[in-house]
Number of protein chains: 2
Amino acid sequence: MNEPALDRTPEALLQRLTGIVGERHVLTAAADLGAYCNDWRGRYHGQALCVVRPGTTAEVVALVAACAQAGAAMVPQGGNTGLVGGGVPCSAESLAQHQPQVLISLQRLRNIREIDTANHTITVDAGCTLQQVQEAAAEAGLLFPLAIASQGTATIGGNLSTNAGGVQVLRYGNMRELTLGLEVVLADGRVWDGLRGLRKDNTGYDLKQLFIGAEGTLGLITAAVLKLHPRPQAQLTAWLALPDPQTAVALLGRLRQHFGECVSAFEIINRAALELVLKHIPGTHSPLPVVHDWQLLLQLDAASAAEGISLADALSELLAAEQAAGRLLDAVLAQSATQAAALWKLRESISEAQKKEGFSIKHDVSVPISRIAEFIARADAQLTRNYPGVRIACFGHLGDGNLHYNLSRPLAEDNRAFIAATAEVNRLVHDLVHELGGSISAEHGLGQLKREEILRYKSPLEIELMRSIKAALDPQGLMNPGKLLSLHETTNNPLQLPDQLL
Amino acid sequence: MNEPALDRTPEALLQRLTGIVGERHVLTAAADLGAYCNDWRGRYHGQALCVVRPGTTAEVVALVAACAQAGAAMVPQGGNTGLVGGGVPCSAESLAQHQPQVLISLQRLRNIREIDTANHTITVDAGCTLQQVQEAAAEAGLLFPLAIASQGTATIGGNLSTNAGGVQVLRYGNMRELTLGLEVVLADGRVWDGLRGLRKDNTGYDLKQLFIGAEGTLGLITAAVLKLHPRPQAQLTAWLALPDPQTAVALLGRLRQHFGECVSAFEIINRAALELVLKHIPGTHSPLPVVHDWQLLLQLDAASAAEGISLADALSELLAAEQAAGRLLDAVLAQSATQAAALWKLRESISEAQKKEGFSIKHDVSVPISRIAEFIARADAQLTRNYPGVRIACFGHLGDGNLHYNLSRPLAEDNRAFIAATAEVNRLVHDLVHELGGSISAEHGLGQLKREEILRYKSPLEIELMRSIKAALDPQGLMNPGKLLSLHETTNNPLQLPDQLL
């Protein structure tokens with residue numbers, strides 16, 4: 001008996017999807033799609049056949065299988081807080097095959113499945129917000145250390161897919177280092193159950209590593225086992241003024257030598273970045289009598305209150321010696337949690353202040369920490385030479401070699417001319433980063449924003465290896481097409497023997 | 001003009017290999033091959049066409065390309081200290097295609113390429129011994145924290161390929177967490193240059209993760225960029241006697257709560273393990289007046305001498321409270337480096353003592369830390385019921401959930417009967433580990449030893465995914481065949497849509 005051929009029309013697919021999650025969880029009205037198909041910064045505007053909102057892993061499985069059978073592309077989305085257009089559909093015309101795109105929102109998968117305090121692990125659905133996980137850990141007396149500005153909205157699935165970083169990477173690592181296990185729905189709708197909570201497991205290829213940071217292009221993460229840490233009982237927060245970035249790098253080395261892993265944040269903020277905050281964010285003021293060229297926000301975590309007191313003494317002593325040696329211009333230690341929060345607010349308001357100032361050209365780059373000072377000096381020099389009056393807000397996670405290096409137009413110039421220079425500015429900054437052994441996307445990913453730009457900096461062999469992995473796990477090319485990998489190359493390019501090897 | 005067809009005979013390959021590294025670095029005499037083709041424990045005896053000893057990455061490239069063109073298998077080898085037969089050739093009859101196997105020894109690639117103290121990184125050739133890297137880091141005032149018993153011989157390439165663990169994973173992580181970048185010669189002889197020293201880099205799939213822990217089956221690692229850490233300035237070492245494993249797990253939680261990441265080692269040792277050491281290792285004696293059922297070797301690292309003093313006070317106080325509560329039977333703190341070394345010697349001599357006692361059935365397992373006590377109780381009970389008089393040496397890295405659970409024959413029984421029970425004992429232990437969500441190879445890898453056993457515990461889907469990755473990166477199946485992946489399945493099994501998805 002012959003089975004009837006599968007109806008591959010969009011209408012038939014919509015009907016199947018509705019059969020899986022119910023009518024109220026399949027959105028098709030333009031008014032409903034907007035919040036999902038446009039990114040929150042308003043830069044990317046994609047088209048989706050529909051948005052589906054599964055409530056269980058089983059529903060995700062059925063949805064993915066239905067899309068796979070229909071040859072429809074799938075766009076996984078968490079909190080839609082991404083910065084590179086990785087979580088929204090591509091514009092219809094950009095996809096070569098004009099595939100229909102089904103946006104799968106994970107926001108209804110938000111159970112904390114288990115907390116195992118003795119194992120220091122938490123098992124969570126991918127749609128849990130980062131903040132929800134932080135709070136669940138705190139209730140259990142433990143710490144989930146990932147911390148980013150969007151944590152109230154950003155989901156664990158998105159954090160995993162972008163290998164999120166944030167302000168405490170120096171001590172605790174990126175999302176990758178905080179992950180022990182994953183549950184992933186593969187491109188064909190089968191489930192890989194890798195939800196293990198083991199610190200040591202050497203039984204073959206570590207598959208979870210593939211899906212972390214893959215921006216949803218290899219499979220759809222539905223749950224994770226994450227590491228928890230002891231909760232620090234005391235924190236020291238200090239605001240320092242330094243003569244230059246080189247001195248800041250040297251100070252970081254001395255701090256790590258004295259305090260080891262207690263150094264949990266080491267954020268650099270230049271004059272322009274601080275001045276934007278003081279100008280645009282109500283209620284902020286400089287922690288020191290004057291704004292300096294370079295400020296640092298330093299945090300030390302102590303396991304106990306007693307250790308906190310001895311750390312404070314040792315830090316004061318070290319800073320006094322730095323000041324005596326001329327390597328520290330001024331410093332203030334927060335005397336209360338309120339004061340510490342005020343210092344952190346200065347750091348965390350930079351993006352908002354820059355947005356209020358107007359258009360800016362942003363970079364999320366990293367270089368080896370030993371090249372940070374050289375990067376800043378050379379980039380500053382080239383940019384101010386090429387664009388006289390350009391204002392450079394340079395800030396970020398110096399302790400990880402990660403800078404947000406953002407440019408605002410010269411005051412004398414209009415936005416249009418500056419916007420037109422974007423590609424040229426990016427080229428200059430990214431070429432320099434590359435020359436110094438760095439990365440043009442330290443923590444935001446490639447998404448749509450940098451999927452072509454990266455071709456300039458990665459070797460063709462590395463791109464080929466990435467495509468081989470993609471072809472192995474998603475042979476139909478259905479998972480989040482147009483993200484991370486360029487649209488302008490073939491999608492299946494197995495390793496070939498080079499022509500002349502010997 | 002037609003090129004002459006490639007001569008694919010072994011003789012022609014030997015000639016090409018000799019042309020690359022010179023005659024003295026191609027070994028073919030049986031007397032020369034023994035040290036490479038047999039593992040150090042004498043359990044695996046493989047056959048190789050030859051051993052080649054390249055001196056540079058360029059030579060590795062040429063060798064791999066020549067082997068690939070000839071269709072010869074390649075077996076990368078470091079210090080030949082592995083425990084699962086992963087670094088020696090298979091027996092000729094075990095390989096289906098009776099491929100010639102070329103053993104590529106990396107021992108001549110042993111340059112420390114660079115130390116970047118500001119970036120806290122070291123770049124090394126794969127053939128450097130672990131100890132060489134530890135010493136180079138120490139000379140620069142920093143710490144490379146991986147530490148295993150075989151570090152004087154084991155190489156970085158082997159540590160990477162097995163994702164080595166050891167005694168300080170609790171604080172610093174496995175080899176994977178200590179690695180920032182790799183240089184890898186792929187199966188076809190091309191070089192992937194991923195020698196980056198960045199803490200944050202999110203520009204596509206993190207390819208290095210594939211090669212770490214792959215036991216040489218996906219490519220040949222020739223160099224790595226490794227993370228360095230600040231050097232602890234003080235260490236506290238203590239030997240504790242506890243009533244049972246459950247109490248030890250609870251103590252670990254309290255220690256981490258009080259001392260955070262300062263807890264760098266937490267090793268459990270049962271009565272049988274300690275008694276073997278005291279019996280066989282000259283000059284050892286029990287640190288406490290009597291041997292208890294369960295002892296712990298605890299180490300705390302302090303960033304500074306001052307912190308060391310305050311840690312010592314806090315630890316004494318905590319231990320006094322534990323003792324008062326009946327959770328600690330006895331304890332001794334090392335008062336000098338010599339005393340600390342004597343305590344560590346007890347831990348590190350267990351394997352040697354067990355070897356002197358005779359044949360043993362060994363397991364390298366992990367479970368979630370919260371299941372450790374249950375695992376020990378149930379495994380002990382089942383084994384003593386099934387094998388009355390069996391002696392169980394249970395010891396290992398409790399802080400990582402990783403136990404070495406080794407059995408010696410009942411004294412009344414002869415070796416033969418016990419050896420015959422090996423498969424049955426393994427089944428019992430591994431089934432229980434699996435039931436508790438654990439791993440049958442925590443830190444030694446699969447190699448030849450467990451490549452078939454793992455099929456019982458991993459889902460067919462996970463095996464299929466592993467094979468897809470293997471096929472994508474090594475389509476000819478030339479890299480270290482017969483290791484990690486079973487010989488009894490097809491080598492190319494791309495993802496297929498399941499028959500009935502909906």
# chains A, B, ... in the order shown; residues from 1 in each chain; ligands from 1
>>> residues_around(residues="Leu473 of chain B", least_positions_apart="6", cutoff="10 Å", atoms="only C-alpha atoms", output="ChimeraX atom specification")
/A:465,468-469,472,494-495 /B:186-188,210,217-219,467,479
>>> interface_residues(of="chain B", to="chain A", cutoff="6 Å", atoms="only C-alpha atoms", output="count of residues only")
33
>>> atom_distance(atom1="atom CA of Asp7 of chain A", atom2="atom CA of Ala31 of chain A")
27.8 Å
>>> select_by_dssp(residues="segment 257-455 of chain A", states="helix (DSSP H, G or I)", output="PDB file with C-alpha atoms, in the first residue's frame")
ATOM      1  CA  GLN A 257      49.497  37.220  42.046  1.00  0.00           C
ATOM      2  CA  HIS A 258      48.260  38.549  45.391  1.00  0.00           C
ATOM      3  CA  PHE A 259      44.628  37.501  45.329  1.00  0.00           C
ATOM      4  CA  GLY A 260      44.438  34.628  42.841  1.00  0.00           C
ATOM      5  CA  GLU A 261      40.950  33.716  41.724  1.00  0.00           C
ATOM      6  CA  CYS A 262      39.442  36.221  44.174  1.00  0.00           C
ATOM      7  CA  ARG A 271      37.345  59.114  29.735  1.00  0.00           C
ATOM      8  CA  ALA A 272      34.932  59.345  26.797  1.00  0.00           C
ATOM      9  CA  ALA A 273      32.865  56.404  28.023  1.00  0.00           C
ATOM     10  CA  LEU A 274      32.550  57.810  31.540  1.00  0.00           C
ATOM     11  CA  GLU A 275      31.757  61.299  30.275  1.00  0.00           C
ATOM     12  CA  LEU A 276      28.885  59.918  28.162  1.00  0.00           C
ATOM     13  CA  VAL A 277      27.406  58.287  31.257  1.00  0.00           C
ATOM     14  CA  LEU A 278      27.752  61.393  33.389  1.00  0.00           C
ATOM     15  CA  LYS A 279      26.133  63.442  30.616  1.00  0.00           C
ATOM     16  CA  HIS A 280      23.152  61.217  29.852  1.00  0.00           C
ATOM     17  CA  ALA A 305      33.395  37.715  55.886  1.00  0.00           C
ATOM     18  CA  ALA A 306      36.694  37.187  57.686  1.00  0.00           C
ATOM     19  CA  GLU A 307      38.520  36.687  54.418  1.00  0.00           C
ATOM     20  CA  GLY A 308      36.803  39.831  53.152  1.00  0.00           C
ATOM     21  CA  ILE A 309      38.307  41.879  55.984  1.00  0.00           C
ATOM     22  CA  SER A 310      41.803  40.540  55.408  1.00  0.00           C
ATOM     23  CA  LEU A 311      41.422  41.057  51.652  1.00  0.00           C
ATOM     24  CA  ALA A 312      40.407  44.673  52.245  1.00  0.00           C
ATOM     25  CA  ASP A 313      43.505  45.283  54.335  1.00  0.00           C
ATOM     26  CA  ALA A 314      45.759  43.651  51.754  1.00  0.00           C
ATOM     27  CA  LEU A 315      44.130  45.545  48.898  1.00  0.00           C
ATOM     28  CA  SER A 316      44.526  48.919  50.667  1.00  0.00           C
ATOM     29  CA  GLU A 317      48.169  48.135  51.253  1.00  0.00           C
ATOM     30  CA  LEU A 318      48.756  47.116  47.653  1.00  0.00           C
ATOM     31  CA  LEU A 319      46.984  50.200  46.298  1.00  0.00           C
ATOM     32  CA  ALA A 320      48.997  52.471  48.591  1.00  0.00           C
ATOM     33  CA  ALA A 321      52.179  50.963  47.196  1.00  0.00           C
ATOM     34  CA  GLU A 322      50.927  51.418  43.645  1.00  0.00           C
ATOM     35  CA  GLN A 323      50.095  55.056  44.354  1.00  0.00           C
ATOM     36  CA  ALA A 324      53.502  55.644  45.933  1.00  0.00           C
ATOM     37  CA  ALA A 337      26.687  47.717  48.934  1.00  0.00           C
ATOM     38  CA  THR A 338      24.947  50.921  47.826  1.00  0.00           C
ATOM     39  CA  GLN A 339      28.250  52.542  46.932  1.00  0.00           C
ATOM     40  CA  ALA A 340      29.341  49.396  45.091  1.00  0.00           C
ATOM     41  CA  ALA A 341      26.077  49.395  43.139  1.00  0.00           C
ATOM     42  CA  ALA A 342      26.624  53.027  42.188  1.00  0.00           C
ATOM     43  CA  LEU A 343      30.061  52.176  40.799  1.00  0.00           C
ATOM     44  CA  TRP A 344      28.663  49.263  38.830  1.00  0.00           C
ATOM     45  CA  LYS A 345      25.882  51.484  37.504  1.00  0.00           C
ATOM     46  CA  LEU A 346      28.503  53.682  35.858  1.00  0.00           C
ATOM     47  CA  ARG A 347      29.914  50.667  34.058  1.00  0.00           C
ATOM     48  CA  GLU A 348      26.576  49.196  33.097  1.00  0.00           C
ATOM     49  CA  ILE A 350      27.691  53.026  29.097  1.00  0.00           C
ATOM     50  CA  SER A 351      25.691  51.375  26.298  1.00  0.00           C
ATOM     51  CA  GLU A 352      22.536  53.252  27.228  1.00  0.00           C
ATOM     52  CA  ALA A 353      24.421  56.556  27.417  1.00  0.00           C
ATOM     53  CA  GLN A 354      25.998  55.924  24.057  1.00  0.00           C
ATOM     54  CA  LYS A 355      22.590  55.175  22.568  1.00  0.00           C
ATOM     55  CA  LYS A 356      21.301  58.518  23.885  1.00  0.00           C
ATOM     56  CA  GLU A 357      24.254  60.302  22.342  1.00  0.00           C
ATOM     57  CA  ILE A 369      45.837  40.624  27.402  1.00  0.00           C
ATOM     58  CA  SER A 370      49.477  41.375  26.658  1.00  0.00           C
ATOM     59  CA  ARG A 371      48.427  43.178  23.446  1.00  0.00           C
ATOM     60  CA  ILE A 372      45.587  45.253  24.917  1.00  0.00           C
ATOM     61  CA  ALA A 373      47.660  48.395  25.393  1.00  0.00           C
ATOM     62  CA  GLU A 374      49.140  48.146  21.904  1.00  0.00           C
ATOM     63  CA  PHE A 375      45.699  47.638  20.410  1.00  0.00           C
ATOM     64  CA  ILE A 376      44.259  50.696  22.123  1.00  0.00           C
ATOM     65  CA  ALA A 377      47.237  52.904  21.282  1.00  0.00           C
ATOM     66  CA  ARG A 378      47.335  51.946  17.624  1.00  0.00           C
ATOM     67  CA  ALA A 379      43.583  51.934  17.047  1.00  0.00           C
ATOM     68  CA  ASP A 380      43.165  55.291  18.785  1.00  0.00           C
ATOM     69  CA  ALA A 381      45.993  56.791  16.737  1.00  0.00           C
ATOM     70  CA  GLN A 382      44.771  55.522  13.377  1.00  0.00           C
ATOM     71  CA  LEU A 383      41.163  56.462  13.983  1.00  0.00           C
ATOM     72  CA  THR A 384      41.856  59.970  15.254  1.00  0.00           C
ATOM     73  CA  ARG A 385      44.163  60.505  12.279  1.00  0.00           C
ATOM     74  CA  ASN A 386      41.586  59.265   9.755  1.00  0.00           C
ATOM     75  CA  LEU A 398      40.233  43.962  30.433  1.00  0.00           C
ATOM     76  CA  GLY A 399      40.784  40.860  32.542  1.00  0.00           C
ATOM     77  CA  ASP A 400      39.597  38.735  29.621  1.00  0.00           C
ATOM     78  CA  ASN A 415      25.634  61.378  11.318  1.00  0.00           C
ATOM     79  CA  ARG A 416      25.326  60.569   7.633  1.00  0.00           C
ATOM     80  CA  ALA A 417      29.008  60.894   6.847  1.00  0.00           C
ATOM     81  CA  PHE A 418      29.915  58.882   9.903  1.00  0.00           C
ATOM     82  CA  ILE A 419      27.422  56.131   9.132  1.00  0.00           C
ATOM     83  CA  ALA A 420      28.877  55.937   5.641  1.00  0.00           C
ATOM     84  CA  THR A 422      31.126  52.212   9.097  1.00  0.00           C
ATOM     85  CA  ALA A 423      32.618  49.567   6.836  1.00  0.00           C
ATOM     86  CA  GLU A 424      35.914  51.429   6.623  1.00  0.00           C
ATOM     87  CA  VAL A 425      36.107  51.857  10.389  1.00  0.00           C
ATOM     88  CA  ASN A 426      35.281  48.199  10.975  1.00  0.00           C
ATOM     89  CA  ARG A 427      37.983  47.215   8.537  1.00  0.00           C
ATOM     90  CA  LEU A 428      40.580  49.293  10.316  1.00  0.00           C
ATOM     91  CA  VAL A 429      39.664  48.020  13.789  1.00  0.00           C
ATOM     92  CA  HIS A 430      39.208  44.379  12.807  1.00  0.00           C
ATOM     93  CA  ASP A 431      42.378  44.244  10.725  1.00  0.00           C
ATOM     94  CA  LEU A 432      44.349  45.507  13.702  1.00  0.00           C
ATOM     95  CA  VAL A 433      42.656  43.010  16.032  1.00  0.00           C
ATOM     96  CA  HIS A 434      43.525  40.239  13.621  1.00  0.00           C
ATOM     97  CA  GLU A 435      47.127  41.390  13.319  1.00  0.00           C
ATOM     98  CA  GLU A 453      33.181  39.737   7.754  1.00  0.00           C
ATOM     99  CA  ILE A 454      34.670  36.652   9.398  1.00  0.00           C
ATOM    100  CA  LEU A 455      35.665  35.232   6.007  1.00  0.00           C
TER     101      LEU A 455
END
>>> residues_around(residues="Asp293 of chain A", least_positions_apart="5", cutoff="9 Å", atoms="only C-alpha atoms", output="list in words")
Ala241, Leu242, Pro243, Asp244, Ile269, Asn270, Arg271 and Ala272 of chain A
>>> atom_distance(atom1="atom CA of Gln299 of chain B", atom2="atom CA of Leu130 of chain B")
21.2 Å
>>> select_by_dssp(residues="segment 29-189 of chain B", states="strand (DSSP E or B)", output="NGL selection string")
:B and (38 or 45 or 50-52 or 73-77 or 101-105 or 112-116 or 121-125 or 129 or 142-143 or 147 or 155 or 166 or 179-185)
>>> residues_around(residues="Val51 of chain B", least_positions_apart="2", cutoff="12 Å", atoms="only C-alpha atoms", output="number ranges by chain")
B: 14, 17-18, 21, 23-37, 46-49, 53-54, 63, 74-77, 88-89, 100-107
>>> closest_residue(among="B:Ala126, B:Leu226, B:Val185, B:Val84", to="Leu146 of chain B", atoms="only C-alpha atoms")
B:Leu226
>>> atom_distance(atom1="atom CA of Gln134 of chain B", atom2="atom CA of Ala147 of chain B")
8.6 Å
>>> decode(residues="segment 51-71 of chain B", atoms="N, CA, C and O atoms", output="JSON list (two decimals), in the first residue's frame")
[["chain", "number", "residue", "atom", "x", "y", "z"],
["B", 51, "VAL", "N", 58.13, 3.19, 13.08],
["B", 51, "VAL", "CA", 57.96, 4.34, 13.96],
["B", 51, "VAL", "C", 58.67, 5.51, 13.30],
["B", 51, "VAL", "O", 59.84, 5.37, 12.92],
["B", 52, "VAL", "N", 57.96, 6.63, 13.12],
["B", 52, "VAL", "CA", 58.65, 7.82, 12.59],
["B", 52, "VAL", "C", 58.69, 8.88, 13.67],
["B", 52, "VAL", "O", 57.77, 9.01, 14.47],
["B", 53, "ARG", "N", 59.79, 9.62, 13.67],
["B", 53, "ARG", "CA", 60.02, 10.59, 14.73],
["B", 53, "ARG", "C", 60.27, 11.97, 14.14],
["B", 53, "ARG", "O", 61.41, 12.41, 14.03],
["B", 54, "PRO", "N", 59.20, 12.68, 13.77],
["B", 54, "PRO", "CA", 59.37, 14.00, 13.17],
["B", 54, "PRO", "C", 59.93, 15.00, 14.19],
["B", 54, "PRO", "O", 59.72, 14.82, 15.39],
["B", 55, "GLY", "N", 60.61, 16.00, 13.68],
["B", 55, "GLY", "CA", 61.21, 17.00, 14.56],
["B", 55, "GLY", "C", 60.54, 18.36, 14.46],
["B", 55, "GLY", "O", 60.85, 19.25, 15.24],
["B", 56, "THR", "N", 59.64, 18.52, 13.50],
["B", 56, "THR", "CA", 58.97, 19.81, 13.31],
["B", 56, "THR", "C", 57.53, 19.55, 12.85],
["B", 56, "THR", "O", 57.21, 18.46, 12.35],
["B", 57, "THR", "N", 56.70, 20.57, 13.01],
["B", 57, "THR", "CA", 55.33, 20.46, 12.51],
["B", 57, "THR", "C", 55.35, 20.23, 11.00],
["B", 57, "THR", "O", 54.55, 19.45, 10.47],
["B", 58, "ALA", "N", 56.27, 20.88, 10.30],
["B", 58, "ALA", "CA", 56.35, 20.70, 8.85],
["B", 58, "ALA", "C", 56.62, 19.24, 8.49],
["B", 58, "ALA", "O", 56.05, 18.71, 7.52],
["B", 59, "GLU", "N", 57.46, 18.60, 9.26],
["B", 59, "GLU", "CA", 57.70, 17.17, 9.00],
["B", 59, "GLU", "C", 56.45, 16.33, 9.30],
["B", 59, "GLU", "O", 56.15, 15.38, 8.58],
["B", 60, "VAL", "N", 55.73, 16.70, 10.36],
["B", 60, "VAL", "CA", 54.48, 15.97, 10.66],
["B", 60, "VAL", "C", 53.54, 16.09, 9.47],
["B", 60, "VAL", "O", 52.93, 15.12, 9.02],
["B", 61, "VAL", "N", 53.42, 17.31, 8.96],
["B", 61, "VAL", "CA", 52.55, 17.56, 7.81],
["B", 61, "VAL", "C", 52.91, 16.65, 6.64],
["B", 61, "VAL", "O", 52.05, 15.98, 6.05],
["B", 62, "ALA", "N", 54.19, 16.59, 6.33],
["B", 62, "ALA", "CA", 54.62, 15.78, 5.19],
["B", 62, "ALA", "C", 54.39, 14.30, 5.45],
["B", 62, "ALA", "O", 53.96, 13.55, 4.55],
["B", 63, "LEU", "N", 54.64, 13.87, 6.69],
["B", 63, "LEU", "CA", 54.43, 12.45, 7.03],
["B", 63, "LEU", "C", 52.96, 12.07, 6.91],
["B", 63, "LEU", "O", 52.61, 11.03, 6.35],
["B", 64, "VAL", "N", 52.11, 12.92, 7.46],
["B", 64, "VAL", "CA", 50.67, 12.62, 7.44],
["B", 64, "VAL", "C", 50.17, 12.59, 5.99],
["B", 64, "VAL", "O", 49.41, 11.70, 5.60],
["B", 65, "ALA", "N", 50.62, 13.54, 5.21],
["B", 65, "ALA", "CA", 50.19, 13.57, 3.81],
["B", 65, "ALA", "C", 50.63, 12.31, 3.07],
["B", 65, "ALA", "O", 49.87, 11.73, 2.29],
["B", 66, "ALA", "N", 51.87, 11.88, 3.34],
["B", 66, "ALA", "CA", 52.37, 10.68, 2.68],
["B", 66, "ALA", "C", 51.56, 9.45, 3.10],
["B", 66, "ALA", "O", 51.19, 8.61, 2.26],
["B", 67, "CYS", "N", 51.26, 9.35, 4.39],
["B", 67, "CYS", "CA", 50.45, 8.21, 4.87],
["B", 67, "CYS", "C", 49.06, 8.27, 4.26],
["B", 67, "CYS", "O", 48.51, 7.23, 3.86],
["B", 68, "ALA", "N", 48.47, 9.47, 4.23],
["B", 68, "ALA", "CA", 47.12, 9.61, 3.69],
["B", 68, "ALA", "C", 47.10, 9.17, 2.23],
["B", 68, "ALA", "O", 46.19, 8.45, 1.80],
["B", 69, "GLN", "N", 48.09, 9.58, 1.49],
["B", 69, "GLN", "CA", 48.13, 9.19, 0.08],
["B", 69, "GLN", "C", 48.30, 7.70, -0.10],
["B", 69, "GLN", "O", 47.78, 7.11, -1.05],
["B", 70, "ALA", "N", 49.02, 7.08, 0.83],
["B", 70, "ALA", "CA", 49.24, 5.65, 0.73],
["B", 70, "ALA", "C", 48.12, 4.85, 1.39],
["B", 70, "ALA", "O", 48.15, 3.61, 1.36],
["B", 71, "GLY", "N", 47.18, 5.54, 2.02],
["B", 71, "GLY", "CA", 46.10, 4.83, 2.71],
["B", 71, "GLY", "C", 46.56, 4.13, 3.97],
["B", 71, "GLY", "O", 45.91, 3.18, 4.44]]
